[in-house]
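A.B. asks: Next up, input29.csv (CSV, C-alpha atoms).
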chain,number,residue,atom,x,y,z
B,1,MET,CA,17.9,-1.9,0.4
B,2,ALA,CA,14.2,-0.9,-0.2
B,3,ALA,CA,13.1,-4.5,-0.9
B,4,SER,CA,14.8,-6.0,2.1
B,5,LEU,CA,13.4,-3.3,4.4
B,6,LEU,CA,9.9,-3.7,3.1
B,7,ASN,CA,10.1,-7.5,3.2
B,8,LYS,CA,11.2,-7.3,6.8
B,9,ALA,CA,8.2,-5.1,7.7
B,10,LEU,CA,5.8,-7.3,5.8
B,11,LYS,CA,7.1,-10.6,7.3
B,12,PRO,CA,4.9,-10.5,10.5
B,13,ILE,CA,1.8,-10.3,8.4
B,14,LYS,CA,0.2,-13.7,8.3
B,15,HIS,CA,-3.3,-13.2,7.0
B,16,PRO,CA,-3.8,-11.8,3.4
B,17,ASN,CA,-7.1,-10.0,4.3
B,18,PHE,CA,-5.7,-8.3,7.4
B,19,LEU,CA,-6.3,-4.8,6.2
B,20,SER,CA,-10.1,-5.2,6.3
B,21,ALA,CA,-9.9,-5.4,10.1
B,22,LEU,CA,-7.7,-2.3,10.6
B,23,ARG,CA,-9.1,0.6,12.4
B,24,SER,CA,-9.9,3.9,10.7
B,25,LEU,CA,-7.3,6.6,10.9
B,26,ASN,CA,-8.2,10.1,12.2
B,27,PHE,CA,-5.3,11.6,10.3
B,28,SER,CA,-6.4,10.3,6.9
B,29,SER,CA,-4.4,10.9,3.7
B,30,ILE,CA,-6.1,13.4,1.4
B,31,ALA,CA,-3.8,12.5,-1.6
B,32,THR,CA,-5.2,8.9,-1.8
B,33,ALA,CA,-8.8,9.7,-0.5
B,34,HIS,CA,-10.1,11.5,-3.5
B,35,GLY,CA,-11.8,9.9,-6.4
B,36,ASN,CA,-10.8,10.2,-10.1
B,37,PRO,CA,-10.5,13.7,-11.6
B,38,SER,CA,-13.7,15.2,-12.9
B,39,ASP,CA,-12.5,14.9,-16.5
B,40,GLY,CA,-12.5,11.1,-16.3
B,41,PRO,CA,-14.9,8.4,-15.4
B,42,SER,CA,-15.6,8.0,-11.7
B,43,SER,CA,-14.5,4.7,-10.3
B,44,SER,CA,-13.1,3.1,-7.2
B,45,SER,CA,-10.7,0.9,-9.1
B,46,PHE,CA,-8.0,1.0,-11.7
B,47,THR,CA,-7.5,-1.5,-14.6
B,48,PHE,CA,-4.3,-2.9,-15.9
B,49,ASP,CA,-4.6,-3.4,-19.6
B,50,ASN,CA,-2.0,-5.2,-21.7
B,51,ALA,CA,-3.9,-5.2,-25.0
B,52,ASN,CA,-3.2,-2.9,-27.9
B,53,ASN,CA,-5.7,-0.1,-28.5
B,54,ASN,CA,-7.1,0.3,-32.0
B,55,LYS,CA,-6.1,4.0,-32.0
B,56,GLU,CA,-2.6,3.1,-30.7
B,57,LYS,CA,-1.6,0.0,-32.6
B,58,ASP,CA,2.1,0.5,-32.0
B,59,ASP,CA,1.8,1.4,-28.3
B,60,ASN,CA,2.9,-1.8,-26.6
B,61,SER,CA,2.4,-0.7,-23.0
B,62,ILE,CA,0.7,-1.4,-19.8
B,63,TYR,CA,-1.2,1.2,-17.9
B,64,ILE,CA,-3.6,1.7,-15.1
B,65,LYS,CA,-6.9,3.2,-16.2
B,66,PRO,CA,-10.4,3.7,-14.8
B,67,PRO,CA,-12.9,1.3,-16.2
B,68,THR,CA,-15.6,2.7,-18.4
B,69,SER,CA,-19.3,1.8,-18.4
B,70,ASN,CA,-18.8,-0.4,-21.5
B,71,ALA,CA,-15.7,-2.1,-20.2
B,72,SER,CA,-17.3,-5.5,-20.4
B,73,THR,CA,-17.7,-5.1,-24.2
B,74,GLU,CA,-14.1,-4.1,-24.8
B,75,LYS,CA,-11.9,-6.7,-26.3
B,76,THR,CA,-9.0,-6.4,-23.8
B,77,THR,CA,-7.2,-8.6,-21.4
B,78,SER,CA,-7.3,-6.8,-18.1
B,79,VAL,CA,-7.6,-7.2,-14.4
B,80,THR,CA,-9.1,-4.8,-11.9
B,81,MET,CA,-6.9,-3.4,-9.2
B,82,PRO,CA,-8.3,-1.5,-6.2
B,83,MET,CA,-7.4,2.2,-6.1
B,84,SER,CA,-5.9,2.0,-2.6
B,85,PHE,CA,-3.4,-0.6,-3.7
B,86,MET,CA,-3.7,-1.9,-0.2
B,87,THR,CA,-6.2,-4.8,-0.1
B,88,GLY,CA,-5.5,-8.4,0.8
B,89,SER,CA,-6.9,-9.6,-2.5
B,90,ILE,CA,-5.1,-11.3,-5.4
B,91,VAL,CA,-6.0,-9.6,-8.7
B,92,GLY,CA,-5.4,-11.4,-12.0
B,93,LYS,CA,-2.5,-13.6,-12.9
B,94,ARG,CA,1.1,-12.4,-13.6
B,95,PHE,CA,1.1,-11.7,-17.3
B,96,TYR,CA,4.8,-10.8,-17.7
B,97,GLU,CA,8.1,-12.6,-17.2
B,98,LYS,CA,10.8,-10.0,-17.1
B,99,VAL,CA,10.9,-6.6,-15.2
B,100,THR,CA,13.5,-4.0,-16.1
B,101,THR,CA,14.1,-0.3,-15.9
B,102,ARG,CA,15.2,2.2,-18.5
B,103,GLU,CA,15.7,5.9,-19.0
B,104,SER,CA,12.6,7.7,-20.1
B,105,ASP,CA,12.3,8.8,-23.8
B,106,ASP,CA,12.9,12.5,-23.0
B,107,GLY,CA,16.0,11.6,-20.9
B,108,VAL,CA,14.4,13.1,-17.7
B,109,GLY,CA,13.5,10.3,-15.3
B,110,TRP,CA,13.2,6.5,-15.4
B,111,THR,CA,10.5,4.1,-16.3
B,112,VAL,CA,9.7,0.5,-15.4
B,113,MET,CA,9.3,-2.1,-18.2
B,114,LEU,CA,7.2,-5.3,-17.9
B,115,ASP,CA,8.7,-7.4,-20.7
B,116,TYR,CA,8.5,-4.9,-23.7
B,117,ARG,CA,5.7,-2.8,-22.2
B,118,THR,CA,6.1,0.5,-20.4
B,119,LEU,CA,4.3,0.8,-17.1
B,120,LYS,CA,1.9,3.8,-17.2
B,121,THR,CA,-0.2,5.9,-14.9
B,122,PRO,CA,-4.0,6.1,-14.7
B,123,SER,CA,-3.9,8.9,-17.2
B,124,LYS,CA,-1.9,6.7,-19.6
B,125,ARG,CA,1.3,8.6,-19.1
B,126,PRO,CA,4.5,6.6,-18.6
B,127,LEU,CA,5.3,6.1,-14.9
B,128,LYS,CA,8.2,8.4,-15.1
B,129,LEU,CA,10.2,8.3,-11.8
B,130,PRO,CA,12.7,10.9,-10.7
B,131,THR,CA,15.5,8.5,-9.8
B,132,LEU,CA,16.9,5.1,-11.0
B,133,ALA,CA,16.9,3.9,-7.4
B,134,LEU,CA,13.1,4.4,-7.1
B,135,ALA,CA,12.5,2.8,-10.5
B,136,LYS,CA,14.5,-0.3,-9.5
B,137,ALA,CA,12.6,-0.5,-6.1
B,138,ILE,CA,9.3,-0.4,-7.9
B,139,ALA,CA,10.5,-2.9,-10.4
B,140,ALA,CA,11.4,-5.1,-7.5
B,141,GLU,CA,7.9,-5.0,-6.3
B,142,TRP,CA,6.6,-6.1,-9.7
B,143,GLU,CA,9.3,-8.8,-9.9
B,144,TYR,CA,8.2,-10.0,-6.4
B,145,GLN,CA,4.7,-10.9,-7.6
B,146,GLN,CA,3.9,-14.6,-7.8
B,147,THR,CA,2.8,-16.4,-10.9
B,148,ASP,CA,-0.7,-17.1,-9.5
B,149,GLY,CA,-1.6,-13.5,-9.2
B,150,ILE,CA,-0.7,-9.9,-8.4
B,151,ARG,CA,-0.9,-8.8,-4.8
B,152,PRO,CA,-1.4,-5.0,-4.6
B,153,PHE,CA,-0.8,-4.8,-0.8
B,154,THR,CA,2.8,-5.8,-1.4
B,155,MET,CA,3.4,-2.8,-3.7
B,156,PRO,CA,3.4,0.3,-1.4
B,157,LEU,CA,6.0,2.1,-3.4
B,158,MET,CA,3.9,1.7,-6.6
B,159,LYS,CA,0.9,3.2,-4.7
B,160,LEU,CA,2.9,6.2,-3.5
B,161,ALA,CA,4.4,6.8,-7.0
B,162,CYS,CA,0.9,6.9,-8.6
B,163,THR,CA,-0.2,9.2,-5.8
B,164,ALA,CA,2.8,11.5,-6.3
B,165,LEU,CA,2.4,11.6,-10.1
B,166,GLU,CA,-1.4,11.6,-10.4
B,167,ARG,CA,-3.0,12.9,-7.2
B,168,VAL,CA,-0.7,15.4,-5.7
B,169,PRO,CA,-0.4,17.8,-8.7
B,170,LEU,CA,-4.3,18.0,-8.8
B,171,THR,CA,-4.9,18.2,-5.0
B,172,ARG,CA,-1.7,19.9,-3.6
B,173,THR,CA,-3.6,22.8,-2.0
B,174,LYS,CA,-6.2,20.5,-0.4
B,175,ILE,CA,-3.5,18.2,0.9
B,176,ILE,CA,-1.7,21.1,2.6
B,177,GLU,CA,-4.9,22.5,4.0
B,178,HIS,CA,-5.9,19.1,5.4
B,179,LEU,CA,-2.4,18.6,7.0
B,180,MET,CA,-2.6,22.1,8.6
B,181,LYS,CA,-6.1,21.6,9.8
B,182,LYS,CA,-5.0,18.6,11.8
B,183,PHE,CA,-1.8,20.2,13.0
B,184,ASP,CA,-3.2,21.7,16.2
B,185,GLN,CA,-4.4,18.2,17.3
B,186,ASP,CA,-1.0,16.6,16.5
B,187,LEU,CA,-0.2,13.5,18.5
B,188,VAL,CA,3.0,15.0,20.0
B,189,PHE,CA,1.1,18.1,21.4
B,190,CYS,CA,-1.2,16.0,23.5
B,191,ARG,CA,0.3,15.4,26.9
B,192,ALA,CA,-1.0,13.1,29.7
B,193,PRO,CA,-1.7,15.0,32.9
B,194,GLU,CA,1.1,14.9,35.4
B,195,ASP,CA,-1.0,14.8,38.5
B,196,ASN,CA,-3.0,11.8,37.5
B,197,THR,CA,-1.7,8.6,39.1
B,198,LEU,CA,-3.1,6.4,36.3
B,199,MET,CA,-1.3,8.4,33.7
B,200,ALA,CA,1.9,9.1,35.5
B,201,GLY,CA,3.8,6.5,33.6
B,202,VAL,CA,2.6,7.9,30.3
B,203,HIS,CA,3.5,11.4,31.2
B,204,ALA,CA,7.0,10.4,32.2
B,205,ARG,CA,7.5,8.5,29.0
B,206,GLN,CA,6.3,11.4,26.9
B,207,VAL,CA,8.7,13.8,28.7
B,208,GLU,CA,11.5,11.3,27.9
B,209,LYS,CA,10.7,10.5,24.3
B,210,VAL,CA,8.6,13.4,22.9
B,211,ASP,CA,10.3,16.4,24.5
B,212,PRO,CA,13.5,16.0,22.4
B,213,LEU,CA,11.3,16.1,19.3
B,214,LEU,CA,9.5,19.3,20.5
B,215,SER,CA,12.9,20.9,21.2
B,216,TRP,CA,14.0,20.0,17.7
B,217,LEU,CA,10.8,21.6,16.3
B,218,ASN,CA,11.5,24.8,18.2
B,219,SER,CA,15.1,25.0,16.9
B,220,GLU,CA,14.0,24.0,13.3
B,221,PHE,CA,11.3,26.6,12.9
B,222,GLY,CA,12.1,29.2,15.6
B,223,PHE,CA,8.9,28.9,17.5
B,224,GLN,CA,8.1,27.1,20.8
B,225,PRO,CA,5.3,24.5,20.4
B,226,ILE,CA,2.5,24.4,23.0
B,227,VAL,CA,1.5,21.1,24.6
B,228,TYR,CA,-1.9,20.5,26.1
B,229,SER,CA,-3.3,18.0,28.6
B,230,SER,CA,-6.4,17.6,26.4
B,231,PHE,CA,-7.3,14.9,24.0
B,232,PHE,CA,-8.5,17.6,21.6
B,233,GLY,CA,-5.3,19.6,21.8
B,234,GLY,CA,-5.4,23.3,21.5
B,235,LYS,CA,-4.1,26.1,19.2
B,236,GLN,CA,-0.5,26.4,18.1
B,237,GLY,CA,1.0,29.8,17.6
B,238,GLU,CA,0.5,31.5,14.3
B,239,GLY,CA,4.3,31.7,13.7
B,240,LEU,CA,4.9,28.0,14.0
B,241,SER,CA,1.8,27.1,11.9
B,242,LYS,CA,2.9,29.5,9.2
B,243,ALA,CA,6.4,28.2,9.2
B,244,VAL,CA,5.3,24.6,8.8
B,245,GLU,CA,2.8,25.5,6.1
B,246,ASN,CA,5.5,27.4,4.1
B,247,LEU,CA,7.7,24.3,4.3
B,248,LEU,CA,5.0,22.1,2.9
B,249,LYS,CA,4.4,24.5,0.0
B,250,LYS,CA,8.1,24.2,-0.9
B,251,THR,CA,8.0,20.4,-1.2
B,252,ASP,CA,8.0,18.6,-4.6
B,253,ASP,CA,5.2,16.1,-5.4
B,254,CYS,CA,7.1,13.0,-4.2
B,255,GLU,CA,8.0,14.7,-0.9
B,256,LEU,CA,4.4,15.9,-0.3
B,257,ALA,CA,3.0,12.5,-1.1
B,258,ALA,CA,5.4,10.9,1.4
B,259,ILE,CA,4.7,13.5,4.1
B,260,ASP,CA,1.0,13.0,3.7
B,261,ALA,CA,1.2,9.3,3.9
B,262,LEU,CA,3.5,9.5,7.0
B,263,ALA,CA,1.2,12.0,8.7
B,264,ALA,CA,-1.8,9.8,8.1
B,265,ALA,CA,-0.1,6.7,9.5
B,266,ALA,CA,1.4,8.5,12.5
B,267,HIS,CA,-1.5,10.8,13.3
B,268,SER,CA,1.2,13.4,13.5
B,269,LEU,CA,2.6,15.9,11.0
B,270,VAL,CA,5.4,16.7,13.4
B,271,ILE,CA,6.6,13.0,13.3
B,272,ALA,CA,6.3,13.1,9.5
B,273,LEU,CA,8.4,16.3,9.3
B,274,GLY,CA,10.9,14.7,11.7
B,275,ILE,CA,11.4,11.9,9.2
B,276,PHE,CA,11.4,14.3,6.3
B,277,ARG,CA,14.2,16.4,7.8
B,278,GLY,CA,16.2,13.4,9.0
B,279,LYS,CA,15.6,13.9,12.7
B,280,LEU,CA,13.8,10.6,13.2
B,281,GLN,CA,14.6,7.1,11.9
B,282,ILE,CA,11.8,4.6,11.1
B,283,GLU,CA,12.2,2.7,14.5
B,284,GLU,CA,12.2,6.0,16.4
B,285,ALA,CA,9.1,7.2,14.7
B,286,ILE,CA,7.2,4.0,15.3
B,287,GLU,CA,8.2,4.1,19.0
B,288,LEU,CA,6.8,7.6,19.3
B,289,ILE,CA,3.6,6.7,17.5
B,290,ARG,CA,2.9,3.6,19.7
B,291,LEU,CA,4.2,5.1,22.9
B,292,GLU,CA,0.9,5.1,24.9
B,293,GLU,CA,-0.4,1.8,23.3
B,294,ASP,CA,2.9,0.0,24.0
B,295,LEU,CA,2.6,1.0,27.7
B,296,GLN,CA,-0.9,-0.5,27.7
B,297,VAL,CA,0.4,-3.7,26.1
B,298,ASP,CA,3.2,-3.9,28.7
B,299,LYS,CA,0.6,-3.6,31.4
B,300,TRP,CA,-2.3,-5.7,30.1
B,301,GLY,CA,-0.7,-7.9,27.4
B,302,LEU,CA,-0.9,-8.1,23.6
B,303,VAL,CA,-4.1,-9.1,21.8
B,304,GLU,CA,-3.2,-11.5,19.0
B,305,GLY,CA,-5.0,-10.5,15.8
B,306,GLY,CA,-5.3,-7.0,17.0
B,307,HIS,CA,-2.1,-5.3,18.3
B,308,ASP,CA,0.2,-7.4,16.3
B,309,VAL,CA,-1.7,-6.6,13.1
B,310,ASP,CA,-1.7,-2.9,13.9
B,311,ILE,CA,2.1,-3.0,14.5
B,312,ALA,CA,2.8,-4.8,11.2
B,313,ASP,CA,0.6,-2.4,9.3
B,314,LEU,CA,2.2,0.6,10.9
B,315,LYS,CA,5.7,-0.7,10.0
B,316,VAL,CA,4.7,-1.2,6.4
B,317,GLN,CA,3.2,2.3,6.1
B,318,ILE,CA,6.0,4.2,7.9
B,319,SER,CA,8.9,2.2,6.3
B,320,SER,CA,7.4,2.3,2.7
B,321,ALA,CA,6.8,6.1,2.8
B,322,THR,CA,10.2,6.7,4.3
B,323,VAL,CA,11.9,4.5,1.7
B,324,PHE,CA,9.9,6.2,-1.0
B,325,LEU,CA,11.0,9.6,0.3
B,326,GLY,CA,14.6,8.7,0.3
B,327,LEU,CA,14.7,6.9,-3.0
B,328,SER,CA,12.9,9.8,-4.8
B,329,ARG,CA,15.7,12.2,-3.9
B,330,LYS,CA,18.5,12.5,-6.5
B,331,ASN,CA,21.1,13.1,-3.9
B,332,PHE,CA,20.0,10.2,-1.6
B,333,PHE,CA,23.2,8.2,-2.1
B,334,HIS,CA,25.7,11.1,-1.9
Now that the file is in, can you turn its structure into structure tokens?
C.D. replies:
Amino acid sequence: MAASLLNKALKPIKHPNFLSALRSLNFSSIATAHGNPSDGPSSSSFTFDNANNNKEKDDNSIYIKPPTSNASTEKTTSVTMPMSFMTGSIVGKRFYEKVTTRESDDGVGWTVMLDYRTLKTPSKRPLKLPTLALAKAIAAEWEYQQTDGIRPFTMPLMKLACTALERVPLTRTKIIEHLMKKFDQDLVFCRAPEDNTLMAGVHARQVEKVDPLLSWLNSEFGFQPIVYSSFFGGKQGEGLSKAVENLLKKTDDCELAAIDALAAAAHSLVIALGIFRGKLQIEEAIELIRLEEDLQVDKWGLVEGGHDVDIADLKVQISSATVFLGLSRKNFFH
């Protein structure tokens, strides 16, 4: 299910280097924006290493590690993978034949195997995933790689897994602070003025599509959200903000990683929470995110190489984070 959904979302993407042209996002993701922890070398990339270490002669594994200053002198077979996992580059050749999953050694979680090697995180811990479904989905991403090279931008679930396991535990407080800082300027709180003839169509569409989500927000948290006819938004009530913040604090690492990614892509924590709580489906969320821009496209036309690339990228980001969220839940198939 995950593979078919992601392949469908990726299908419209024609150019391998499309992401370099994408616009910056206001609502950036803190979880993936930080560099390496202070106890390790600073780097903007990870390295996949399939050579045995002298200190660990029996550890036949593959892991993502930050390259060191003397990396060029080490006798290893490795390729450098960008930290974002979202470039259009091809990095190295496929060095494995068979991809499988197995239960972790401690019996708690699942891991991905590349031939006889265990896939590991940047800190050299096994990539231990909470469910077999998520492990199989990530294994499918690795199996999908072509023999001529590994394409990181086709592995969004792998990116989110590394974020959840490595970044969120270290930056949980900062992630929540960042999400709440942007909450008052949430996309769904910004309303086009009703008395402006140029924006009348936008206002009517917002009332039709956004108001049901705001009503849900009120019933879910017990506080009425405030909408503003200002690009910069305003100030939400303390009760609503506190209720949302308390919900974020109760999330596990996989859930918070997914919410952070969804909020960054949607420019909206409310839309992210709507997906998280099951109020919104992927298509509904994308429609809300693109509501104003789609109206402009209907009026003025679609710019090839611009709007179509944005739409494809948005589909990948929203669908992959939603799939990751669902597959990470142990009761997902119940």
A.B. asks: Atom CA of Val323 of chain B to atom CA of Gln296 of chain B: how many Å, to one decimal?
C.D. replies: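 Pair atom CA of Val323 of chain B / atom CA of Gln296 of chain B returns 29.4 Å.
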A.B. asks: Which is closer to Leu187 of chain B than all the others in B:Phe153, B:Tyr144, B:Tyr228, B:Phe324, using all atoms listed in the file?
C.D. replies: B:Tyr228
A.B. asks: Which neighbours of Ala321 of chain B fall inside 8 Å, counting only C-alpha atoms, when residues of the same chain fewer than 2 positions from it are skipped, and could you give them as a count of residues only?
C.D. replies: 13
A.B. asks: Which residue is closest to Lys299 of chain B? Choose from B:Pro126, B:Pro152, B:Leu198, B:Leu247 and count only C-alpha atoms.
C.D. replies: B:Leu198
A.B. asks: Kindly indicate which residue among B:Glu97, B:Leu134, B:Ala265, B:Gly274 lies nearest to Lys315 of chain B, using only C-alpha atoms for the distances.
C.D. replies: B:Ala265
A.B. asks: Name the residues in contact with Leu295 of chain B at a cut-off of 10 Å, using only C-alpha atoms, excluding same-chain residues fewer than 5 positions from it; report them as a PyMOL selection string.
C.D. replies: chain B and resi 201-202+205+290+300-301
A.B. asks: All heavy atoms are needed for segment 226-237 of chain B; please write them out as a PDB file, in the frame of the given file.
C.D. replies:
ATOM      1  N   ILE B 226       3.333  24.400  21.733  1.00  0.00           N
ATOM      2  CA  ILE B 226       2.500  24.400  23.000  1.00  0.00           C
ATOM      3  C   ILE B 226       1.948  22.997  23.147  1.00  0.00           C
ATOM      4  O   ILE B 226       1.349  22.444  22.217  1.00  0.00           O
ATOM      5  CB  ILE B 226       1.419  25.432  22.899  1.00  0.00           C
ATOM      6  CG1 ILE B 226       1.993  26.828  22.618  1.00  0.00           C
ATOM      7  CG2 ILE B 226       0.604  25.449  24.191  1.00  0.00           C
ATOM      8  CD1 ILE B 226       0.933  27.871  22.321  1.00  0.00           C
ATOM      9  N   VAL B 227       2.110  22.425  24.334  1.00  0.00           N
ATOM     10  CA  VAL B 227       1.500  21.100  24.600  1.00  0.00           C
ATOM     11  C   VAL B 227       0.286  21.309  25.502  1.00  0.00           C
ATOM     12  O   VAL B 227       0.190  22.286  26.260  1.00  0.00           O
ATOM     13  CB  VAL B 227       2.533  20.180  25.322  1.00  0.00           C
ATOM     14  CG1 VAL B 227       3.694  19.866  24.401  1.00  0.00           C
ATOM     15  CG2 VAL B 227       3.033  20.786  26.627  1.00  0.00           C
ATOM     16  N   TYR B 228      -0.655  20.383  25.391  1.00  0.00           N
ATOM     17  CA  TYR B 228      -1.900  20.500  26.100  1.00  0.00           C
ATOM     18  C   TYR B 228      -2.247  19.150  26.765  1.00  0.00           C
ATOM     19  O   TYR B 228      -1.968  18.088  26.213  1.00  0.00           O
ATOM     20  CB  TYR B 228      -3.058  20.837  25.137  1.00  0.00           C
ATOM     21  CG  TYR B 228      -2.882  22.160  24.434  1.00  0.00           C
ATOM     22  CD1 TYR B 228      -2.179  22.247  23.247  1.00  0.00           C
ATOM     23  CD2 TYR B 228      -3.427  23.318  24.964  1.00  0.00           C
ATOM     24  CE1 TYR B 228      -2.016  23.455  22.587  1.00  0.00           C
ATOM     25  CE2 TYR B 228      -3.278  24.538  24.322  1.00  0.00           C
ATOM     26  CZ  TYR B 228      -2.569  24.594  23.131  1.00  0.00           C
ATOM     27  OH  TYR B 228      -2.421  25.798  22.488  1.00  0.00           O
ATOM     28  N   SER B 229      -2.852  19.223  27.927  1.00  0.00           N
ATOM     29  CA  SER B 229      -3.300  18.000  28.600  1.00  0.00           C
ATOM     30  C   SER B 229      -4.793  17.786  28.224  1.00  0.00           C
ATOM     31  O   SER B 229      -5.674  17.654  29.063  1.00  0.00           O
ATOM     32  CB  SER B 229      -3.185  18.138  30.119  1.00  0.00           C
ATOM     33  OG  SER B 229      -1.830  18.194  30.479  1.00  0.00           O
ATOM     34  N   SER B 230      -5.017  17.744  26.945  1.00  0.00           N
ATOM     35  CA  SER B 230      -6.400  17.600  26.400  1.00  0.00           C
ATOM     36  C   SER B 230      -6.312  16.678  25.198  1.00  0.00           C
ATOM     37  O   SER B 230      -5.413  16.811  24.361  1.00  0.00           O
ATOM     38  CB  SER B 230      -6.994  18.911  26.044  1.00  0.00           C
ATOM     39  OG  SER B 230      -8.184  18.727  25.305  1.00  0.00           O
ATOM     40  N   PHE B 231      -7.259  15.761  25.120  1.00  0.00           N
ATOM     41  CA  PHE B 231      -7.300  14.900  24.000  1.00  0.00           C
ATOM     42  C   PHE B 231      -7.507  15.632  22.673  1.00  0.00           C
ATOM     43  O   PHE B 231      -7.068  15.202  21.613  1.00  0.00           O
ATOM     44  CB  PHE B 231      -8.438  13.850  24.158  1.00  0.00           C
ATOM     45  CG  PHE B 231      -8.554  12.867  23.027  1.00  0.00           C
ATOM     46  CD1 PHE B 231      -7.693  11.798  22.918  1.00  0.00           C
ATOM     47  CD2 PHE B 231      -9.536  13.024  22.059  1.00  0.00           C
ATOM     48  CE1 PHE B 231      -7.795  10.890  21.875  1.00  0.00           C
ATOM     49  CE2 PHE B 231      -9.651  12.126  21.007  1.00  0.00           C
ATOM     50  CZ  PHE B 231      -8.776  11.046  20.925  1.00  0.00           C
ATOM     51  N   PHE B 232      -8.178  16.778  22.760  1.00  0.00           N
ATOM     52  CA  PHE B 232      -8.500  17.600  21.600  1.00  0.00           C
ATOM     53  C   PHE B 232      -7.434  18.615  21.271  1.00  0.00           C
ATOM     54  O   PHE B 232      -7.576  19.405  20.344  1.00  0.00           O
ATOM     55  CB  PHE B 232      -9.861  18.233  21.734  1.00  0.00           C
ATOM     56  CG  PHE B 232     -10.984  17.249  21.895  1.00  0.00           C
ATOM     57  CD1 PHE B 232     -11.509  16.986  23.158  1.00  0.00           C
ATOM     58  CD2 PHE B 232     -11.489  16.567  20.808  1.00  0.00           C
ATOM     59  CE1 PHE B 232     -12.537  16.072  23.319  1.00  0.00           C
ATOM     60  CE2 PHE B 232     -12.512  15.644  20.964  1.00  0.00           C
ATOM     61  CZ  PHE B 232     -13.040  15.398  22.217  1.00  0.00           C
ATOM     62  N   GLY B 233      -6.363  18.646  22.060  1.00  0.00           N
ATOM     63  CA  GLY B 233      -5.300  19.600  21.800  1.00  0.00           C
ATOM     64  C   GLY B 233      -5.702  21.017  22.042  1.00  0.00           C
ATOM     65  O   GLY B 233      -6.561  21.300  22.869  1.00  0.00           O
ATOM     66  N   GLY B 234      -5.058  21.926  21.330  1.00  0.00           N
ATOM     67  CA  GLY B 234      -5.400  23.300  21.500  1.00  0.00           C
ATOM     68  C   GLY B 234      -4.971  24.082  20.212  1.00  0.00           C
ATOM     69  O   GLY B 234      -5.075  23.531  19.118  1.00  0.00           O
ATOM     70  N   LYS B 235      -4.481  25.275  20.360  1.00  0.00           N
ATOM     71  CA  LYS B 235      -4.100  26.100  19.200  1.00  0.00           C
ATOM     72  C   LYS B 235      -2.652  26.441  19.277  1.00  0.00           C
ATOM     73  O   LYS B 235      -2.167  27.016  20.245  1.00  0.00           O
ATOM     74  CB  LYS B 235      -4.964  27.390  19.221  1.00  0.00           C
ATOM     75  CG  LYS B 235      -4.721  28.308  18.027  1.00  0.00           C
ATOM     76  CD  LYS B 235      -5.327  27.739  16.761  1.00  0.00           C
ATOM     77  CE  LYS B 235      -5.200  28.717  15.599  1.00  0.00           C
ATOM     78  NZ  LYS B 235      -5.709  28.152  14.339  1.00  0.00           N
ATOM     79  N   GLN B 236      -1.912  26.077  18.223  1.00  0.00           N
ATOM     80  CA  GLN B 236      -0.500  26.400  18.100  1.00  0.00           C
ATOM     81  C   GLN B 236      -0.353  27.886  17.705  1.00  0.00           C
ATOM     82  O   GLN B 236      -1.258  28.463  17.101  1.00  0.00           O
ATOM     83  CB  GLN B 236       0.219  25.513  17.158  1.00  0.00           C
ATOM     84  CG  GLN B 236       0.337  24.078  17.623  1.00  0.00           C
ATOM     85  CD  GLN B 236       1.127  23.933  18.911  1.00  0.00           C
ATOM     86  OE1 GLN B 236       2.188  24.531  19.072  1.00  0.00           O
ATOM     87  NE2 GLN B 236       0.600  23.132  19.834  1.00  0.00           N
ATOM     88  N   GLY B 237       0.794  28.455  18.009  1.00  0.00           N
ATOM     89  CA  GLY B 237       1.000  29.800  17.600  1.00  0.00           C
ATOM     90  C   GLY B 237       1.031  30.027  16.130  1.00  0.00           C
ATOM     91  O   GLY B 237       1.372  29.121  15.371  1.00  0.00           O
TER      92      GLY B 237
END
